[in-house]
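Asks: Quick one: structure below, then a few questions.
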Amino acid sequence: GRAGSQAVLTKIFVQIKRCISIAESSCETTEEDFDALMDLQNSACEVYSPTIRGMPFTNEELRYRLPLVYDLTPVDQCKCGEQKKDTKIIIGQVTKRQSAQTDVGFVMWPSAIVLSRWLMSNPHLIQGKSVLELGAGCGLVGIVVASLLTRLRDNQEPTPEDPSSKVIITDINDTVLENISQNIKLNEMESVASVAKLDFYRQFGNNYIPGGWIESEMKGMIEQPRKPVDVILAADIICQREDAIAAAKTIHDALVPPSEGRCGGVAYIVCADSGHRFGVEIFASECEGIGLDVKTNKVAELYDGKLLLECMESACGYVDGMELTFFEVRKQ
């Protein structure tokens, strides 16, 4: 079955990475050995996705373009001392070279790993909620949410009228969206997760009541309004000042407003600080300027810094000492 195939593919990808590490550390490794690894990688990728054609990679590209295997564990324990369950996720990156700013979602970024591990320790915050991921890139965060929602449903079948049983994973880049769709299929989350095209710059920050966001045209579907959601998730979505302004407007519109007996929606966002991402320094003030409530924390101070201790070596652009900020943004 598909579950068995996923397990086999996971083992193959892990073994290929292990072989690469051994080959690079051995002075006896020949060019033919690396060629054999490339052939093996191409064959594995063909099984993983028939739409990905085999490509000749350099040794460095081979290491970083293989699908990533995340064995995510919570950073804390249940109060009762019971070990929380881990989650295994396989993520394929886009094998094309980046040629534009909108191609940043081709690879994995540090904040996505941090936010995913934080969610593993806080699944109650998405239970029974409608969830939207912005600027999803490779889709790790959204697929982790889908996995948690599946677990929280206790194997009950979702219904079309139950939005809390699903997560919408969005980006602006068509190639990125195709890759996310493949990753959803690879992790067998089609019943829980879907993709949609969302452009920050098409959201206007004035839709307080009833709230809602605009889905951009994609694959023949016309631009259309979508309902607001309870929870927004985003990781490394700001690269310039204009992104911070547009992201704040998007969050304002896409979150549900508060109503009698019900709080407004909340967004959980992780970004590298302004030393690594332009525009992050104005994000909080832009949110506050349109009526959103913002709380910030340094990621290194959450869970005694444990969010930064695992899986970070697979992230593009991560360096030791990189500071990341956790934003909690509420519609009030």
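Ordering of the structure tokens sets the chain letters (A, B, ...); residue numbers start at 1 within each chain; ligands are numbered from 1 in the order shown.
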Please provide the set of residues having any atom within 12 Å of A:Ser116, restricted to only C-alpha atoms, with same-chain residues fewer than 4 positions apart removed, written as a PDB file with N, CA and C atoms, in the first residue's frame.
Replies:
```pdb
ATOM      1  N   TYR A  70      12.134  14.469   7.848  1.00  0.00           N
ATOM      2  CA  TYR A  70      12.061  15.083   9.174  1.00  0.00           C
ATOM      3  C   TYR A  70      11.362  14.137  10.134  1.00  0.00           C
ATOM      4  N   ASP A  71      12.067  13.770  11.187  1.00  0.00           N
ATOM      5  CA  ASP A  71      11.495  12.978  12.268  1.00  0.00           C
ATOM      6  C   ASP A  71      11.274  13.944  13.425  1.00  0.00           C
ATOM      7  N   LEU A  72      10.141  14.628  13.402  1.00  0.00           N
ATOM      8  CA  LEU A  72       9.890  15.737  14.317  1.00  0.00           C
ATOM      9  C   LEU A  72       9.336  15.254  15.646  1.00  0.00           C
ATOM     10  N   THR A  73       9.915  15.760  16.710  1.00  0.00           N
ATOM     11  CA  THR A  73       9.467  15.401  18.054  1.00  0.00           C
ATOM     12  C   THR A  73       9.141  16.674  18.829  1.00  0.00           C
ATOM     13  N   PRO A  74       8.197  16.600  19.749  1.00  0.00           N
ATOM     14  CA  PRO A  74       7.916  17.756  20.614  1.00  0.00           C
ATOM     15  C   PRO A  74       9.143  18.080  21.466  1.00  0.00           C
ATOM     16  N   VAL A  75       9.251  19.325  21.862  1.00  0.00           N
ATOM     17  CA  VAL A  75      10.408  19.719  22.665  1.00  0.00           C
ATOM     18  C   VAL A  75      10.115  19.629  24.155  1.00  0.00           C
ATOM     19  N   ASP A  86       5.948  11.336  17.909  1.00  0.00           N
ATOM     20  CA  ASP A  86       6.698  12.085  16.918  1.00  0.00           C
ATOM     21  C   ASP A  86       5.973  12.002  15.576  1.00  0.00           C
ATOM     22  N   THR A  87       6.458  12.762  14.606  1.00  0.00           N
ATOM     23  CA  THR A  87       5.851  12.810  13.284  1.00  0.00           C
ATOM     24  C   THR A  87       6.941  12.738  12.235  1.00  0.00           C
ATOM     25  N   LYS A  88       6.804  11.812  11.305  1.00  0.00           N
ATOM     26  CA  LYS A  88       7.782  11.681  10.224  1.00  0.00           C
ATOM     27  C   LYS A  88       7.200  12.296   8.957  1.00  0.00           C
ATOM     28  N   ILE A  89       7.936  13.260   8.387  1.00  0.00           N
ATOM     29  CA  ILE A  89       7.495  13.980   7.197  1.00  0.00           C
ATOM     30  C   ILE A  89       8.605  13.940   6.149  1.00  0.00           C
ATOM     31  N   TRP A 109      13.643  26.658   4.629  1.00  0.00           N
ATOM     32  CA  TRP A 109      14.190  27.766   5.393  1.00  0.00           C
ATOM     33  C   TRP A 109      14.087  27.483   6.893  1.00  0.00           C
ATOM     34  N   PRO A 110      14.973  28.090   7.694  1.00  0.00           N
ATOM     35  CA  PRO A 110      15.056  27.738   9.125  1.00  0.00           C
ATOM     36  C   PRO A 110      13.752  27.899   9.897  1.00  0.00           C
ATOM     37  N   SER A 111      13.039  28.990   9.643  1.00  0.00           N
ATOM     38  CA  SER A 111      11.846  29.269  10.454  1.00  0.00           C
ATOM     39  C   SER A 111      10.761  28.215  10.296  1.00  0.00           C
ATOM     40  N   ALA A 112      10.702  27.574   9.125  1.00  0.00           N
ATOM     41  CA  ALA A 112       9.696  26.530   8.907  1.00  0.00           C
ATOM     42  C   ALA A 112       9.941  25.339   9.829  1.00  0.00           C
ATOM     43  N   MET A 120       4.413  20.920  17.109  1.00  0.00           N
ATOM     44  CA  MET A 120       4.421  19.574  17.682  1.00  0.00           C
ATOM     45  C   MET A 120       4.209  19.610  19.190  1.00  0.00           C
ATOM     46  N   SER A 121       4.654  20.692  19.836  1.00  0.00           N
ATOM     47  CA  SER A 121       4.486  20.822  21.278  1.00  0.00           C
ATOM     48  C   SER A 121       3.208  21.551  21.663  1.00  0.00           C
ATOM     49  N   ASN A 122       2.497  22.091  20.667  1.00  0.00           N
ATOM     50  CA  ASN A 122       1.271  22.849  20.947  1.00  0.00           C
ATOM     51  C   ASN A 122       0.129  22.461  20.007  1.00  0.00           C
ATOM     52  N   PRO A 123      -0.139  21.181  19.841  1.00  0.00           N
ATOM     53  CA  PRO A 123      -1.201  20.769  18.908  1.00  0.00           C
ATOM     54  C   PRO A 123      -2.584  21.250  19.314  1.00  0.00           C
ATOM     55  N   GLU A 133      -1.892  28.395   5.969  1.00  0.00           N
ATOM     56  CA  GLU A 133      -0.457  28.702   5.964  1.00  0.00           C
ATOM     57  C   GLU A 133      -0.160  29.675   4.834  1.00  0.00           C
ATOM     58  N   ALA A 136       4.062  29.295   1.976  1.00  0.00           N
ATOM     59  CA  ALA A 136       4.417  27.993   2.554  1.00  0.00           C
ATOM     60  C   ALA A 136       5.732  27.414   2.066  1.00  0.00           C
ATOM     61  N   GLY A 139       6.198  23.601   2.143  1.00  0.00           N
ATOM     62  CA  GLY A 139       4.964  23.078   2.746  1.00  0.00           C
ATOM     63  C   GLY A 139       5.128  22.295   4.023  1.00  0.00           C
ATOM     64  N   LEU A 140       6.312  22.344   4.637  1.00  0.00           N
ATOM     65  CA  LEU A 140       6.538  21.543   5.842  1.00  0.00           C
ATOM     66  C   LEU A 140       5.539  21.879   6.944  1.00  0.00           C
ATOM     67  N   VAL A 141       5.372  23.160   7.249  1.00  0.00           N
ATOM     68  CA  VAL A 141       4.497  23.557   8.354  1.00  0.00           C
ATOM     69  C   VAL A 141       3.072  23.065   8.122  1.00  0.00           C
ATOM     70  N   GLY A 142       2.537  23.310   6.933  1.00  0.00           N
ATOM     71  CA  GLY A 142       1.166  22.890   6.644  1.00  0.00           C
ATOM     72  C   GLY A 142       0.972  21.390   6.698  1.00  0.00           C
ATOM     73  N   ILE A 143       1.973  20.645   6.247  1.00  0.00           N
ATOM     74  CA  ILE A 143       1.861  19.184   6.261  1.00  0.00           C
ATOM     75  C   ILE A 143       1.982  18.648   7.685  1.00  0.00           C
ATOM     76  N   VAL A 144       2.798  19.291   8.516  1.00  0.00           N
ATOM     77  CA  VAL A 144       2.836  18.927   9.933  1.00  0.00           C
ATOM     78  C   VAL A 144       1.467  19.172  10.569  1.00  0.00           C
ATOM     79  N   VAL A 145       0.844  20.307  10.244  1.00  0.00           N
ATOM     80  CA  VAL A 145      -0.502  20.592  10.750  1.00  0.00           C
ATOM     81  C   VAL A 145      -1.478  19.509  10.296  1.00  0.00           C
ATOM     82  N   ALA A 146      -1.397  19.133   9.019  1.00  0.00           N
ATOM     83  CA  ALA A 146      -2.293  18.093   8.499  1.00  0.00           C
ATOM     84  C   ALA A 146      -2.117  16.788   9.258  1.00  0.00           C
ATOM     85  N   SER A 147      -0.865  16.454   9.541  1.00  0.00           N
ATOM     86  CA  SER A 147      -0.595  15.229  10.292  1.00  0.00           C
ATOM     87  C   SER A 147      -1.167  15.311  11.703  1.00  0.00           C
ATOM     88  N   LEU A 148      -1.020  16.465  12.352  1.00  0.00           N
ATOM     89  CA  LEU A 148      -1.553  16.635  13.701  1.00  0.00           C
ATOM     90  C   LEU A 148      -3.080  16.621  13.706  1.00  0.00           C
ATOM     91  N   LEU A 233      -0.583  30.483   9.970  1.00  0.00           N
ATOM     92  CA  LEU A 233       0.795  30.093  10.252  1.00  0.00           C
ATOM     93  C   LEU A 233       1.687  30.602   9.118  1.00  0.00           C
ATOM     94  N   ALA A 234       2.882  31.042   9.463  1.00  0.00           N
ATOM     95  CA  ALA A 234       3.792  31.524   8.427  1.00  0.00           C
ATOM     96  C   ALA A 234       5.226  31.474   8.942  1.00  0.00           C
ATOM     97  N   ALA A 235       6.154  31.189   8.042  1.00  0.00           N
ATOM     98  CA  ALA A 235       7.569  31.105   8.401  1.00  0.00           C
ATOM     99  C   ALA A 235       8.415  31.772   7.322  1.00  0.00           C
ATOM    100  N   TYR A 268       0.490  32.718  14.129  1.00  0.00           N
ATOM    101  CA  TYR A 268       1.774  32.368  14.723  1.00  0.00           C
ATOM    102  C   TYR A 268       2.822  32.406  13.611  1.00  0.00           C
ATOM    103  N   ILE A 269       3.808  33.272  13.777  1.00  0.00           N
ATOM    104  CA  ILE A 269       4.746  33.544  12.697  1.00  0.00           C
ATOM    105  C   ILE A 269       6.171  33.509  13.242  1.00  0.00           C
ATOM    106  N   VAL A 270       7.059  32.870  12.498  1.00  0.00           N
ATOM    107  CA  VAL A 270       8.480  32.861  12.852  1.00  0.00           C
ATOM    108  C   VAL A 270       9.273  33.446  11.691  1.00  0.00           C
ATOM    109  N   LEU A 307      14.148  24.592  20.500  1.00  0.00           N
ATOM    110  CA  LEU A 307      13.589  24.626  19.143  1.00  0.00           C
ATOM    111  C   LEU A 307      14.680  24.719  18.078  1.00  0.00           C
ATOM    112  N   LEU A 308      15.864  25.138  18.468  1.00  0.00           N
ATOM    113  CA  LEU A 308      16.962  25.332  17.513  1.00  0.00           C
ATOM    114  C   LEU A 308      17.965  24.190  17.523  1.00  0.00           C
ATOM    115  N   GLU A 310      17.495  20.792  16.731  1.00  0.00           N
ATOM    116  CA  GLU A 310      17.349  19.643  15.839  1.00  0.00           C
ATOM    117  C   GLU A 310      16.934  20.073  14.440  1.00  0.00           C
ATOM    118  N   CYS A 311      17.451  19.354  13.443  1.00  0.00           N
ATOM    119  CA  CYS A 311      17.024  19.459  12.039  1.00  0.00           C
ATOM    120  C   CYS A 311      17.492  20.737  11.336  1.00  0.00           C
ATOM    121  N   MET A 312      18.133  21.659  12.029  1.00  0.00           N
ATOM    122  CA  MET A 312      18.456  22.949  11.424  1.00  0.00           C
ATOM    123  C   MET A 312      19.512  22.847  10.325  1.00  0.00           C
TER     124      MET A 312
END
```
Asks: As a ChimeraX atom specification, please: all residues of stretch 107-230 of chain A that backbone DSSP puts in alpha helix (DSSP H).
Replies: /A:110-121,140-152,174-186
Asks: Selection from above, N, CA, C and O atoms, as a compact mmCIF listing (two decimals), in the first residue's frame, can you write it?
Replies:
```
# COMPACT_ATOMS: atom_id res chain seq x y z
N PRO A 110 14.97 28.09 7.69
CA PRO A 110 15.06 27.74 9.12
C PRO A 110 13.75 27.90 9.90
O PRO A 110 13.41 27.05 10.73
N SER A 111 13.04 28.99 9.64
CA SER A 111 11.85 29.27 10.45
C SER A 111 10.76 28.22 10.30
O SER A 111 9.97 27.99 11.22
N ALA A 112 10.70 27.57 9.13
CA ALA A 112 9.70 26.53 8.91
C ALA A 112 9.94 25.34 9.83
O ALA A 112 8.99 24.73 10.36
N ILE A 113 11.20 25.01 10.03
CA ILE A 113 11.53 23.89 10.93
C ILE A 113 11.19 24.25 12.36
O ILE A 113 10.60 23.46 13.11
N VAL A 114 11.54 25.48 12.77
CA VAL A 114 11.25 25.94 14.13
C VAL A 114 9.75 25.95 14.39
O VAL A 114 9.28 25.44 15.42
N LEU A 115 8.98 26.51 13.47
CA LEU A 115 7.53 26.59 13.67
C LEU A 115 6.90 25.20 13.69
O LEU A 115 5.97 24.93 14.47
N SER A 116 7.41 24.30 12.87
CA SER A 116 6.89 22.92 12.86
C SER A 116 7.13 22.24 14.19
O SER A 116 6.23 21.56 14.74
N ARG A 117 8.32 22.41 14.76
CA ARG A 117 8.62 21.78 16.06
C ARG A 117 7.80 22.43 17.17
O ARG A 117 7.37 21.76 18.11
N TRP A 118 7.56 23.74 17.07
CA TRP A 118 6.72 24.42 18.06
C TRP A 118 5.30 23.87 18.01
O TRP A 118 4.67 23.65 19.05
N LEU A 119 4.78 23.65 16.82
CA LEU A 119 3.44 23.09 16.67
C LEU A 119 3.35 21.68 17.24
O LEU A 119 2.32 21.30 17.80
N MET A 120 4.41 20.92 17.11
CA MET A 120 4.42 19.57 17.68
C MET A 120 4.21 19.61 19.19
O MET A 120 3.64 18.68 19.77
N SER A 121 4.65 20.69 19.84
CA SER A 121 4.49 20.82 21.28
C SER A 121 3.21 21.55 21.66
O SER A 121 2.88 21.63 22.85
N LEU A 140 6.31 22.34 4.64
CA LEU A 140 6.54 21.54 5.84
C LEU A 140 5.54 21.88 6.94
O LEU A 140 4.92 20.98 7.53
N VAL A 141 5.37 23.16 7.25
CA VAL A 141 4.50 23.56 8.35
C VAL A 141 3.07 23.07 8.12
O VAL A 141 2.45 22.46 9.00
N GLY A 142 2.54 23.31 6.93
CA GLY A 142 1.17 22.89 6.64
C GLY A 142 0.97 21.39 6.70
O GLY A 142 -0.07 20.90 7.15
N ILE A 143 1.97 20.64 6.25
CA ILE A 143 1.86 19.18 6.26
C ILE A 143 1.98 18.65 7.68
O ILE A 143 1.32 17.67 8.04
N VAL A 144 2.80 19.29 8.52
CA VAL A 144 2.84 18.93 9.93
C VAL A 144 1.47 19.17 10.57
O VAL A 144 0.96 18.34 11.33
N VAL A 145 0.84 20.31 10.24
CA VAL A 145 -0.50 20.59 10.75
C VAL A 145 -1.48 19.51 10.30
O VAL A 145 -2.29 19.02 11.08
N ALA A 146 -1.40 19.13 9.02
CA ALA A 146 -2.29 18.09 8.50
C ALA A 146 -2.12 16.79 9.26
O ALA A 146 -3.09 16.11 9.60
N SER A 147 -0.87 16.45 9.54
CA SER A 147 -0.59 15.23 10.29
C SER A 147 -1.17 15.31 11.70
O SER A 147 -1.77 14.35 12.20
N LEU A 148 -1.02 16.46 12.35
CA LEU A 148 -1.55 16.64 13.70
C LEU A 148 -3.08 16.62 13.71
O LEU A 148 -3.70 16.03 14.59
N LEU A 149 -3.70 17.27 12.72
CA LEU A 149 -5.15 17.27 12.63
C LEU A 149 -5.69 15.86 12.44
O LEU A 149 -6.72 15.49 13.00
N THR A 150 -4.98 15.09 11.62
CA THR A 150 -5.39 13.70 11.40
C THR A 150 -5.36 12.92 12.71
O THR A 150 -6.28 12.17 13.04
N ARG A 151 -4.30 13.13 13.47
CA ARG A 151 -4.16 12.44 14.76
C ARG A 151 -5.23 12.91 15.75
O ARG A 151 -5.82 12.10 16.48
N LEU A 152 -5.49 14.22 15.76
CA LEU A 152 -6.46 14.77 16.70
C LEU A 152 -7.89 14.36 16.38
O LEU A 152 -8.76 14.35 17.25
N ASP A 174 3.69 29.35 -8.82
CA ASP A 174 3.02 28.15 -9.36
C ASP A 174 3.89 26.91 -9.22
O ASP A 174 3.38 25.82 -8.91
N THR A 175 5.19 27.04 -9.46
CA THR A 175 6.09 25.89 -9.32
C THR A 175 6.13 25.42 -7.87
O THR A 175 6.13 24.21 -7.59
N VAL A 176 6.17 26.35 -6.94
CA VAL A 176 6.16 26.02 -5.52
C VAL A 176 4.87 25.31 -5.15
O VAL A 176 4.88 24.31 -4.41
N LEU A 177 3.74 25.78 -5.66
CA LEU A 177 2.46 25.16 -5.37
C LEU A 177 2.39 23.73 -5.90
O LEU A 177 1.84 22.83 -5.25
N GLU A 178 2.96 23.50 -7.08
CA GLU A 178 3.01 22.14 -7.64
C GLU A 178 3.85 21.24 -6.74
O GLU A 178 3.49 20.07 -6.50
N ASN A 179 4.96 21.77 -6.23
CA ASN A 179 5.81 20.97 -5.35
C ASN A 179 5.11 20.67 -4.03
O ASN A 179 5.20 19.55 -3.51
N ILE A 180 4.38 21.65 -3.50
CA ILE A 180 3.61 21.40 -2.27
C ILE A 180 2.58 20.29 -2.50
O ILE A 180 2.40 19.42 -1.65
N SER A 181 1.91 20.34 -3.64
CA SER A 181 0.93 19.30 -3.95
C SER A 181 1.57 17.93 -3.97
O SER A 181 1.00 16.94 -3.46
N GLN A 182 2.77 17.84 -4.54
CA GLN A 182 3.49 16.57 -4.56
C GLN A 182 3.85 16.13 -3.14
O GLN A 182 3.75 14.94 -2.80
N ASN A 183 4.26 17.08 -2.30
CA ASN A 183 4.62 16.72 -0.93
C ASN A 183 3.40 16.29 -0.12
O ASN A 183 3.50 15.41 0.74
N ILE A 184 2.27 16.90 -0.39
CA ILE A 184 1.02 16.46 0.27
C ILE A 184 0.72 15.02 -0.11
O ILE A 184 0.38 14.19 0.75
N LYS A 185 0.85 14.69 -1.39
CA LYS A 185 0.60 13.32 -1.84
C LYS A 185 1.61 12.35 -1.25
O LYS A 185 1.27 11.24 -0.84
N LEU A 186 2.88 12.77 -1.23
CA LEU A 186 3.94 11.91 -0.72
C LEU A 186 3.68 11.52 0.73
O LEU A 186 3.96 10.39 1.15
```
Asks: Using only C-alpha atoms, which of A:Gln332, A:Asn187, A:Thr296, A:Thr170 sits nearest A:Leu132?
Replies: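 The shortest atom-to-atom distance to A:Leu132 comes from A:Thr170.
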Asks: Under the rule that only C-alpha atoms are counted, which of A:Gly92, A:Gly291, A:Gly205, A:Gly275 is the nearest residue to A:Pro67?
Replies: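 Nearest candidate to A:Pro67 out of A:Gly92, A:Gly291, A:Gly205, A:Gly275: A:Gly92.
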Asks: From a DSSP pass on the backbone, collect the residues of stretch 81-317 of chain A flagged as strand (DSSP E or B) and hand them back as a PyMOL selection string.
Replies: chain A and resi 87-91+131-134+167-171+193-197+213-215+218+221+224-226+229+231-235+255+259+262+266-272+292-298
Asks: Have a look at atom CA of A:Ala284 and atom CA of A:Phe106 and let me know their distance in Å, one decimal.
Replies: 26.6 Å
Asks: By how many Å are atom CA of A:Glu215 and atom CA of A:Thr95 apart?
Replies: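 Here the two named atoms are 26.2 Å from each other.
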Asks: Show me, as an NGL selection string, the residues that have an atom within 7 Å of A:Arg330 when counting only C-alpha atoms, minus same-chain residues fewer than 4 positions from it.
Replies: :A and (264-267 or 292-294)
Asks: Work out how far atom CA of A:Pro225 is from atom CA of A:Ser194, in Å to one decimal.
Replies: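 Atom-to-atom, atom CA of A:Ser194 to atom CA of A:Pro225, that is 16.2 Å.
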